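Asks: My questions will all concern the structure given below.
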Amino acid sequence: MDLSVNAMMLMEVSLTERGCFWRIKENTESDGDMCKDCMFVIYTSKKHMIDYDSLNQLYRVPVKKYQYILTMIFVTEEINRNSKLIPNKSINFLFYPSTCEDSLTLVSCLHSTEATQILPPNYHCEINECGLTFTGPSWERSSKIGTFLSIIFNIGQIHYGPFNPVLSDHFQYPYLYQIAPKETKLPFAIVSLMLHFNWTWMGLVISDDDQGIQFLSDFREKMQGNELCLAFVNVIPLNMDLYNTRAEKYYKQIVTSLANVVVIYGELNSTLEVSLRRWANLGIRRIWVTTSQWDVITNTGRDINFDSFYGAFTFSNHHHEIPNFKKFIQSMNTSQYPIDFSVLRSAWMYFNCLDIESKCRTQSKCALNNSLKWFASQGFDIAMNDESYNLYNAVYFWAYAYHAMHYEHVDVHPITSLCVPDCSKFYHTMKNMQFINPIGDLVTINEKRKCDADYDIFHISNYPQGLGIKVKIGQFTSYGSFGQQFYLSDEAIEWATGSRQIPSSVCSETCKLGFRKFRHEGNAACCFDCFPCPENEISNKTDMDQCMKCPINQYASLEKNHCLQKTMKFLAYEDALGIALACIALCFSTLTAVVLGVFVKHKNTPIVKANNRTNSYILLISLKFCFLCPLLFIGHPTTAKCVLQQITFALLFTVAVSTVLAKTITVVLAFRATAPGQKLRGLLVSGAPNFIIPMCTLIQLVLCGIWMGTSPPFVDTDEHSEHGHIIIVCNKGSDTAFYCVLGYLGSLAIGSFTVAFLARNLPDAFNEAKFLTFSMLVFCSVWVTFLPVYHSTKGIAMVIVEVFSILASSTGLISCIFFPKCYIILIRPSKNNLKRVKKKHIVQPIDF
């Protein structure tokens, strides 16, 4: 395929046929020519006749109208070949090129039309045919013609341009019908295209008429809820003088806008077309989204700099291709028609100002062809556009209505009645008709039965030397299921544009993953800033309004674009801290056992026997198990462990502290009993201080029983203390019970400290009151410090604080009470001698 042809060519790719064929782009109007309307009058005759006078006017009309003329020639010949549709007759047409003037010119045209409708009859009477005209594609021209046809001449009319609700007023236009399908789904189709390419910021240019305003309303309605915004709306006035006063304003508005996409909706032959041509000449780079009738404007090599457009997306009414039309055009013998195609061809070359070879610069050096093949390959679109297809259907509509009026009811109507046909009945027959055209499409002019149009979506690109490529890239089905109405082929887009990446059109850059949109008051919904998601929240999609919180068992990644599964965590033996605490506990427990062994071995020495040897054994055993108590806090928590942690801790420390209290009271009683006049010797001899331990322990046991019976500890999880982890901890169950147990233990410690402090100066060489005082001071200091630290920590740190407090308080007890004695027993055994002590100390009673 040669892409270097010096012409504006349009190539269309069919997605269904997996092939491509050339569509040649019409591009011949002069700068001032904006009138592309044609009016046709159709009639029957006994033999095929051509109105040479009307066709001889072709050299004075733009090339665009040749599409309509060739369509009329093709469809009339196709119908005439069908002997069953209108037997014994042929259909012909008159052509009246619109001069874009006032209605006075239309009146003169219609008078000549009316005169030519008296034709030779097939019967022995003269038949007056019911007049019918085809007008378009401009609705404004059709409305002017329709007013005169209905008021003055009572002639029917079919508008073959795009459907316009204004022409549906049957009071004003009683015999004007529209063949095109409704376009109520066009706004939704365009919005679907915007959403597909994520074009959220766009401009809109419409004509200042009822149809344009209605499109604006429908378009805004479809935009709602889809986060699409209009950067600007240019409502182009129909009056040229008014437009000229505002043209600069419209230009600045589109130039200064960040919107790369502009939607165009309105009629050709209007100030809207003038505006678009002006923007194109000024080199505005935009992506145009519009309907198929604007193909001419968005891709005219004569008017527009090829680098000034990213391309255009057009929506064309979906219909099947007419298989024989292209072949007919290429092979049509022009000798049958009195048309000077050489004049037409030279006019085309002149208007396009293309760099054609010098041998074809003048008419004399261009050989005359008897077919349109050369011209079709150079000048205009061979395939039917929407208006030509509507005209094709309109002629068939008339033919079917004529057949129904004159042939299907010939047996029930006398022949004489056919000589003066009832035109109102003929138009009524047309209004209620529907049929399947030769290519299988349903056709009707009844607006109640008329369906919404389906659309083919095309992309048009410009290339140097006037070459334009038009590729079908998708389709919109008005009656498809939700979510299945819109389809675009990525392969076709890539083939048409060279890439699947289409330029963006947004007010604000897309918020990436991990960010959320933040809108400023007063700004459009499409204009926003991007802020990072808060802690433990994510955004896993772009342009999210709000970040999502991760589930309780997950946490946000560093990028905050997805949630990660939290890992279970507890104070384990595998952790360095867990191993360290366990080793400390075992070492001190072993050390306590060694001290106990030393005391047992030297049980008969004075220092061991002093202050109740049995209580010393009890205290050492309880401290040994106190050191082992932290092992319950290390490892995976279970319900049994949680219960044993608190009971073991409470009871063992109660035994230890109550033993210290018993030892302190024993010291006091020993000195009070030996003083003259004291009667406390019986208490000391009877071993009354030894009952302190079980009594205190029993009280603590009752408190623990109440705790376990009402709200026992249980395994709990803490999802919030440590990022990325779920901490498995033992919940105390009842904080009140826990603090009651701890408070009771603290009261025993304070009591022991007080008694030991008062007995610290008793003059016995083996008096351990001072050591007991220091031990209780350390014990109380540890647990007083424990309370605020415990409350200020969470998760594993709470467990560590509790374990450390147990080890520290136990170490304080054994260090202050037993290490001095072990020093005397092992290092200074000479001091552990009662005789030597008696020589240095005289025991005297002291008042307490």
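Ligands are numbered from 1 in the order shown, residues from 1 within each chain, and chains are lettered A, B, ... in the order they appear in the structure tokens.
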Please identify all polymer residues within 8 Å of Asn390 of chain A, counting only C-alpha atoms, omitting same-chain residues fewer than 6 positions from it, and present them as JSON, numbers by chain.
Replies: {"A": [160, 161, 179, 180]}
Asks: Please, which residues in segment 206-236 of chain A fall within 12 Å of segment 240-252 of chain A when counting only C-alpha atoms, and what is the closest atom pair and distance in Å to one decimal for each, ordered by chain then residue number, as JSON lines?
Replies:
{"residue": "A:Ile206", "atom": "CA", "partner": "A:Tyr250", "partner_atom": "CA", "distance": 11.7}
{"residue": "A:Ser207", "atom": "CA", "partner": "A:Tyr243", "partner_atom": "CA", "distance": 10.9}
{"residue": "A:Asp208", "atom": "CA", "partner": "A:Tyr243", "partner_atom": "CA", "distance": 10.5}
{"residue": "A:Phe232", "atom": "CA", "partner": "A:Tyr250", "partner_atom": "CA", "distance": 9.6}
{"residue": "A:Val233", "atom": "CA", "partner": "A:Tyr250", "partner_atom": "CA", "distance": 9.3}
{"residue": "A:Asn234", "atom": "CA", "partner": "A:Tyr250", "partner_atom": "CA", "distance": 6.5}
{"residue": "A:Val235", "atom": "CA", "partner": "A:Tyr250", "partner_atom": "CA", "distance": 9.0}
{"residue": "A:Ile236", "atom": "CA", "partner": "A:Tyr243", "partner_atom": "CA", "distance": 6.7}
Asks: For atom CA of Ser747 of chain A and atom CA of Leu661 of chain A, determine how far apart the two atoms are, in Å to one decimal place.
Replies: 11.0 Å
Asks: Using DSSP on the backbone, list every residue of segment 602-716 of chain A that comes out as alpha helix (DSSP H), and give them as a PyMOL selection string.
Replies: chain A and resi 606-609+613-628+639-674+681-686+692-710
Asks: Need the shell around segment 494-507 of chain A: protein/DNA/RNA residues with any atom at most 7 Å away, counting only C-alpha atoms. Skip same-chain ones fewer than 3 positions apart. Format as a list in words?
Replies: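 Result of the neighbour search: Trp199, Thr200, Trp201, Met202, Leu258, Ala259, Asn260, Val261, Val471, Asp490, Glu491, Cys526 and Cys527 of chain A.
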Asks: Take the residues from that selection and write them out as a CSV table (one decimal), in the first residue's frame, keeping all heavy atoms.
Replies:
chain,number,residue,atom,x,y,z
A,199,TRP,N,-9.4,10.2,30.8
A,199,TRP,CA,-9.4,11.6,30.5
A,199,TRP,C,-10.4,12.3,31.5
A,199,TRP,O,-11.6,12.2,31.2
A,199,TRP,CB,-9.8,11.9,29.1
A,199,TRP,CG,-8.8,11.4,28.1
A,199,TRP,CD1,-7.4,11.3,28.3
A,199,TRP,CD2,-9.0,11.0,26.7
A,199,TRP,NE1,-6.8,10.9,27.1
A,199,TRP,CE2,-7.7,10.7,26.2
A,199,TRP,CE3,-10.1,10.9,25.9
A,199,TRP,CZ2,-7.6,10.3,24.8
A,199,TRP,CZ3,-10.0,10.5,24.6
A,199,TRP,CH2,-8.7,10.2,24.1
A,200,THR,N,-9.9,12.8,32.5
A,200,THR,CA,-10.8,13.4,33.5
A,200,THR,C,-11.0,14.9,33.4
A,200,THR,O,-11.9,15.5,34.1
A,200,THR,CB,-10.3,13.1,34.9
A,200,THR,OG1,-9.0,13.6,35.1
A,200,THR,CG2,-10.2,11.6,35.2
A,201,TRP,N,-10.2,15.5,32.6
A,201,TRP,CA,-10.2,17.0,32.5
A,201,TRP,C,-10.4,17.4,31.0
A,201,TRP,O,-9.4,17.1,30.2
A,201,TRP,CB,-9.0,17.6,33.1
A,201,TRP,CG,-8.9,19.0,33.3
A,201,TRP,CD1,-8.0,19.9,32.7
A,201,TRP,CD2,-9.7,19.9,34.1
A,201,TRP,NE1,-8.2,21.2,33.1
A,201,TRP,CE2,-9.2,21.2,34.0
A,201,TRP,CE3,-10.8,19.6,35.0
A,201,TRP,CZ2,-9.8,22.2,34.7
A,201,TRP,CZ3,-11.3,20.6,35.7
A,201,TRP,CH2,-10.9,21.9,35.6
A,202,MET,N,-11.5,17.9,30.6
A,202,MET,CA,-11.8,18.1,29.2
A,202,MET,C,-12.5,19.4,28.9
A,202,MET,O,-13.1,20.0,29.8
A,202,MET,CB,-12.6,16.9,28.6
A,202,MET,CG,-14.0,16.9,29.1
A,202,MET,SD,-14.8,15.3,29.1
A,202,MET,CE,-14.0,14.5,30.5
A,258,LEU,N,-5.5,23.4,30.5
A,258,LEU,CA,-4.7,22.2,30.6
A,258,LEU,C,-5.3,21.0,29.9
A,258,LEU,O,-4.7,20.0,29.8
A,258,LEU,CB,-4.3,21.9,32.1
A,258,LEU,CG,-3.5,22.9,32.8
A,258,LEU,CD1,-3.3,22.5,34.3
A,258,LEU,CD2,-2.1,23.1,32.2
A,259,ALA,N,-6.6,21.2,29.5
A,259,ALA,CA,-7.3,20.0,28.9
A,259,ALA,C,-6.7,19.7,27.6
A,259,ALA,O,-6.7,20.6,26.7
A,259,ALA,CB,-8.8,20.3,28.9
A,260,ASN,N,-6.3,18.5,27.3
A,260,ASN,CA,-5.8,18.1,26.0
A,260,ASN,C,-6.9,17.5,25.2
A,260,ASN,O,-6.7,17.2,24.0
A,260,ASN,CB,-4.7,17.0,26.2
A,260,ASN,CG,-3.4,17.6,26.7
A,260,ASN,OD1,-3.1,18.8,26.4
A,260,ASN,ND2,-2.7,16.9,27.5
A,261,VAL,N,-8.0,17.3,25.8
A,261,VAL,CA,-9.2,16.6,25.0
A,261,VAL,C,-10.3,17.7,25.0
A,261,VAL,O,-10.7,18.3,26.0
A,261,VAL,CB,-9.6,15.4,25.8
A,261,VAL,CG1,-10.9,14.8,25.1
A,261,VAL,CG2,-8.5,14.3,25.8
A,471,VAL,N,-9.0,4.6,11.4
A,471,VAL,CA,-9.1,3.2,11.8
A,471,VAL,C,-10.2,3.0,12.8
A,471,VAL,O,-10.4,3.8,13.8
A,471,VAL,CB,-7.7,2.9,12.5
A,471,VAL,CG1,-7.7,1.4,12.9
A,471,VAL,CG2,-6.6,3.2,11.6
A,490,ASP,N,-7.2,-2.8,21.9
A,490,ASP,CA,-5.9,-2.3,22.1
A,490,ASP,C,-5.0,-2.5,20.9
A,490,ASP,O,-4.1,-1.7,20.6
A,490,ASP,CB,-5.3,-3.0,23.3
A,490,ASP,CG,-6.0,-2.6,24.6
A,490,ASP,OD1,-6.5,-1.5,24.7
A,490,ASP,OD2,-5.9,-3.4,25.6
A,491,GLU,N,-5.2,-3.6,20.2
A,491,GLU,CA,-4.4,-3.9,19.0
A,491,GLU,C,-4.7,-2.8,17.9
A,491,GLU,O,-3.7,-2.3,17.3
A,491,GLU,CB,-4.7,-5.3,18.5
A,491,GLU,CG,-4.2,-6.4,19.3
A,491,GLU,CD,-5.1,-6.7,20.5
A,491,GLU,OE1,-6.2,-6.1,20.6
A,491,GLU,OE2,-4.7,-7.4,21.4
A,526,CYS,N,-11.9,17.2,39.9
A,526,CYS,CA,-10.7,16.6,39.3
A,526,CYS,C,-9.4,17.3,39.6
A,526,CYS,O,-8.3,16.8,39.2
A,526,CYS,CB,-10.9,16.7,37.7
A,526,CYS,SG,-12.4,15.8,37.2
A,527,CYS,N,-9.4,18.4,40.4
A,527,CYS,CA,-8.2,19.1,40.7
A,527,CYS,C,-8.0,18.9,42.2
A,527,CYS,O,-8.8,19.3,43.1
A,527,CYS,CB,-8.4,20.6,40.4
A,527,CYS,SG,-8.7,21.0,38.7
Asks: Counting only C-alpha atoms, what is within 12 Å of Cys533 of chain A, bar same-chain residues fewer than 4 positions away, as a ChimeraX atom specification?
Replies: /A:511-518,537-540,543-550,556-562
Asks: Would you save the residues from that selection as a compact mmCIF listing (two decimals), in the first residue's frame, using C-alpha atoms?
Replies:
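In the end it all went to selection.txt:
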# COMPACT_ATOMS: atom_id res chain seq x y z
CA CYS A 511 -2.23 10.04 43.00
CA LYS A 512 0.04 7.02 43.14
CA LEU A 513 -0.32 4.01 45.39
CA GLY A 514 0.15 4.96 49.00
CA PHE A 515 -1.35 8.42 48.50
CA ARG A 516 -4.85 9.84 48.74
CA LYS A 517 -6.55 12.79 47.12
CA PHE A 518 -6.98 16.02 49.03
CA GLU A 537 -3.45 2.86 56.26
CA ILE A 538 -2.97 2.04 52.60
CA SER A 539 -4.23 2.96 49.14
CA ASN A 540 -3.90 0.06 46.73
CA ASP A 543 -6.63 8.34 42.84
CA MET A 544 -8.25 7.05 46.01
CA ASP A 545 -10.31 9.52 48.01
CA GLN A 546 -9.64 7.82 51.34
CA CYS A 547 -6.99 5.43 52.50
CA MET A 548 -8.07 2.08 53.88
CA LYS A 549 -7.11 0.79 57.30
CA CYS A 550 -5.37 -2.55 57.36
CA ALA A 556 0.81 -1.30 56.16
CA SER A 557 3.93 -1.74 54.10
CA LEU A 558 6.54 1.01 53.98
CA GLU A 559 5.14 2.16 50.63
CA LYS A 560 1.61 2.04 52.12
CA ASN A 561 0.27 0.34 49.04
CA HIS A 562 -0.63 -3.04 50.54
Asks: Show which residues sit within 8 Å of segment 264-271 of chain A, as a ChimeraX atom specification. Count only C-alpha atoms, and ignore same-chain residues fewer than 5 positions away.
Replies: /A:34-36,138,204-207,211-212,215,236-240,243,288-291,293-294
Asks: Just the selected residues (C-alpha atoms), exported as an mmCIF file, in the first residue's frame, please.
Replies:
data_model
loop_
_atom_site.group_PDB
_atom_site.id
_atom_site.type_symbol
_atom_site.label_atom_id
_atom_site.label_comp_id
_atom_site.auth_asym_id
_atom_site.auth_seq_id
_atom_site.Cartn_x
_atom_site.Cartn_y
_atom_site.Cartn_z
ATOM 1 C CA MET A 34 -19.662 26.192 4.367
ATOM 2 C CA CYS A 35 -22.786 24.969 2.577
ATOM 3 C CA LYS A 36 -22.887 21.240 1.972
ATOM 4 C CA SER A 138 -28.235 20.365 8.097
ATOM 5 C CA LEU A 204 -16.599 21.087 25.563
ATOM 6 C CA VAL A 205 -17.538 23.146 22.520
ATOM 7 C CA ILE A 206 -21.190 23.226 21.457
ATOM 8 C CA SER A 207 -23.503 25.326 19.355
ATOM 9 C CA GLN A 211 -29.645 20.546 20.625
ATOM 10 C CA GLY A 212 -26.308 21.794 21.930
ATOM 11 C CA PHE A 215 -26.255 17.655 24.845
ATOM 12 C CA ILE A 236 -20.635 29.184 20.196
ATOM 13 C CA PRO A 237 -23.382 31.633 19.158
ATOM 14 C CA LEU A 238 -25.071 31.024 15.820
ATOM 15 C CA ASN A 239 -24.859 34.669 14.805
ATOM 16 C CA MET A 240 -21.609 35.352 12.976
ATOM 17 C CA TYR A 243 -19.282 35.126 17.294
ATOM 18 C CA TRP A 288 -10.820 16.143 19.277
ATOM 19 C CA VAL A 289 -13.737 13.880 20.219
ATOM 20 C CA THR A 290 -16.765 14.345 18.024
ATOM 21 C CA THR A 291 -19.198 12.732 15.608
ATOM 22 C CA GLN A 293 -19.771 14.472 10.326
ATOM 23 C CA TRP A 294 -16.731 16.395 11.626
#
Asks: Which residues are near Gln178 of chain A? Cut-off 9 Å, only C-alpha atoms, ignore same chain within fewer than 5 positions. Put them as a tab-separated table (two decimals) with all heavy atoms, in the first residue's frame.
Replies:
chain	number	residue	atom	x	y	z
A	157	GLN	N	-41.46	15.13	3.43
A	157	GLN	CA	-40.03	15.40	3.47
A	157	GLN	C	-39.36	14.42	4.43
A	157	GLN	O	-39.88	14.12	5.51
A	157	GLN	CB	-39.79	16.84	3.94
A	157	GLN	CG	-38.35	17.21	4.14
A	157	GLN	CD	-38.21	18.60	4.76
A	157	GLN	OE1	-39.21	19.26	5.04
A	157	GLN	NE2	-36.99	19.02	4.98
A	158	ILE	N	-38.21	13.89	4.04
A	158	ILE	CA	-37.39	13.04	4.91
A	158	ILE	C	-36.03	13.71	5.08
A	158	ILE	O	-35.34	14.03	4.10
A	158	ILE	CB	-37.21	11.63	4.33
A	158	ILE	CG1	-38.55	10.89	4.31
A	158	ILE	CG2	-36.20	10.83	5.17
A	158	ILE	CD1	-38.46	9.48	3.77
A	159	HIS	N	-35.68	13.95	6.32
A	159	HIS	CA	-34.38	14.55	6.66
A	159	HIS	C	-33.37	13.44	6.83
A	159	HIS	O	-33.55	12.53	7.65
A	159	HIS	CB	-34.52	15.36	7.96
A	159	HIS	CG	-33.22	15.87	8.50
A	159	HIS	ND1	-32.48	16.83	7.87
A	159	HIS	CD2	-32.52	15.53	9.63
A	159	HIS	CE1	-31.39	17.07	8.58
A	159	HIS	NE2	-31.39	16.30	9.64
A	160	TYR	N	-32.28	13.48	6.04
A	160	TYR	CA	-31.29	12.40	6.10
A	160	TYR	C	-30.05	12.79	6.90
A	160	TYR	O	-29.08	12.03	6.93
A	160	TYR	CB	-30.90	11.94	4.69
A	160	TYR	CG	-30.28	12.98	3.81
A	160	TYR	CD1	-28.93	13.26	3.85
A	160	TYR	CD2	-31.06	13.68	2.89
A	160	TYR	CE1	-28.36	14.22	3.03
A	160	TYR	CE2	-30.50	14.64	2.05
A	160	TYR	CZ	-29.14	14.90	2.12
A	160	TYR	OH	-28.58	15.85	1.30
A	161	GLY	N	-30.09	13.93	7.56
A	161	GLY	CA	-28.99	14.30	8.43
A	161	GLY	C	-29.13	13.65	9.81
A	161	GLY	O	-30.00	12.80	10.03
A	162	PRO	N	-28.26	14.03	10.76
A	162	PRO	CA	-28.36	13.47	12.12
A	162	PRO	C	-29.70	13.78	12.75
A	162	PRO	O	-30.33	14.81	12.48
A	162	PRO	CB	-27.22	14.18	12.87
A	162	PRO	CG	-26.27	14.63	11.81
A	162	PRO	CD	-27.11	14.95	10.62
A	163	PHE	N	-30.14	12.89	13.62
A	163	PHE	CA	-31.44	13.06	14.28
A	163	PHE	C	-31.41	14.32	15.15
A	163	PHE	O	-30.46	14.56	15.91
A	163	PHE	CB	-31.75	11.84	15.14
A	163	PHE	CG	-33.12	11.87	15.76
A	163	PHE	CD1	-34.20	11.36	15.08
A	163	PHE	CD2	-33.33	12.42	17.02
A	163	PHE	CE1	-35.47	11.39	15.64
A	163	PHE	CE2	-34.58	12.46	17.58
A	163	PHE	CZ	-35.66	11.93	16.89
A	164	ASN	N	-32.47	15.12	15.04
A	164	ASN	CA	-32.58	16.36	15.80
A	164	ASN	C	-33.97	16.45	16.39
A	164	ASN	O	-34.97	16.41	15.66
A	164	ASN	CB	-32.30	17.56	14.91
A	164	ASN	CG	-32.08	18.83	15.72
A	164	ASN	OD1	-32.89	19.17	16.57
A	164	ASN	ND2	-30.99	19.53	15.46
A	167	LEU	N	-36.83	18.81	14.91
A	167	LEU	CA	-37.62	18.40	13.74
A	167	LEU	C	-38.71	17.40	14.10
A	167	LEU	O	-39.45	16.97	13.22
A	167	LEU	CB	-36.69	17.80	12.69
A	167	LEU	CG	-35.56	18.71	12.18
A	167	LEU	CD1	-34.72	17.99	11.14
A	167	LEU	CD2	-36.12	20.01	11.63
A	168	SER	N	-38.80	17.01	15.36
A	168	SER	CA	-39.83	16.05	15.79
A	168	SER	C	-41.14	16.74	16.14
A	168	SER	O	-42.09	16.07	16.55
A	168	SER	CB	-39.33	15.26	17.01
A	168	SER	OG	-38.16	14.54	16.69
A	394	ALA	N	-33.50	6.29	3.11
A	394	ALA	CA	-34.67	7.13	2.83
A	394	ALA	C	-35.28	6.79	1.48
A	394	ALA	O	-36.51	6.74	1.32
A	394	ALA	CB	-34.26	8.59	2.90
A	444	THR	N	-36.85	2.54	10.16
A	444	THR	CA	-38.17	3.10	10.47
A	444	THR	C	-38.02	4.60	10.65
A	444	THR	O	-36.94	5.09	10.99
A	444	THR	CB	-38.77	2.47	11.73
A	444	THR	OG1	-40.07	3.03	11.96
A	444	THR	CG2	-37.90	2.74	12.94
A	445	ILE	N	-39.14	5.33	10.42
A	445	ILE	CA	-39.15	6.77	10.69
A	445	ILE	C	-40.09	7.08	11.84
A	445	ILE	O	-40.23	8.24	12.21
A	445	ILE	CB	-39.56	7.57	9.43
A	445	ILE	CG1	-40.95	7.15	8.96
A	445	ILE	CG2	-38.52	7.44	8.35
A	445	ILE	CD1	-41.46	8.00	7.82
A	446	ASN	N	-40.71	6.05	12.39
A	446	ASN	CA	-41.59	6.24	13.55
A	446	ASN	C	-40.73	6.42	14.79
A	446	ASN	O	-40.01	5.51	15.20
A	446	ASN	CB	-42.51	5.03	13.70
A	446	ASN	CG	-43.62	5.28	14.71
A	446	ASN	OD1	-43.40	5.94	15.73
A	446	ASN	ND2	-44.81	4.76	14.42
A	447	GLU	N	-40.80	7.61	15.38
A	447	GLU	CA	-39.91	7.92	16.49
A	447	GLU	C	-40.18	7.06	17.72
A	447	GLU	O	-39.30	6.86	18.56
A	447	GLU	CB	-40.03	9.40	16.85
A	447	GLU	CG	-39.52	10.31	15.74
A	447	GLU	CD	-39.62	11.77	16.10
A	447	GLU	OE1	-39.88	12.06	17.29
A	447	GLU	OE2	-39.46	12.61	15.21
Asks: Which neighbours of segment 738-740 of chain A fall inside 10 Å, counting only C-alpha atoms, when residues of the same chain fewer than 2 positions from it are skipped, and could you give them as a list in words?
Replies: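 Answer for this query is Gln646, Ala650, Gln700, Leu703, Cys704, Trp707, Pro712, Pro713, Lys732, Gly733, Ser734, Asp735, Thr736, Leu742, Gly743, Tyr744, Leu745, Gly746 and Leu787 of chain A.
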Asks: Could you give me the residues within segment 185-218 of chain A that DSSP places in strand (DSSP E), as a list in words?
Replies: Trp201, Met202, Gly203, Leu204, Val205, Ile206 and Ser207 of chain A
Asks: Let me make sure I understand: among A:Ala610, A:Val594, A:Cys130, A:Leu577, which one has the smallest atom-to-atom distance to Ala797 of chain A if we use only C-alpha atoms?
Replies: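 Using only C-alpha atoms, Ala797 of chain A sits closest to A:Leu577.
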Asks: I'd like to know which of A:Cys730, A:Ala401, A:Ile693, A:Leu651 is closest to Gly705 of chain A, using only C-alpha atoms.
Replies: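 Residue with the minimum atom-to-atom distance to Gly705 of chain A: A:Leu651.
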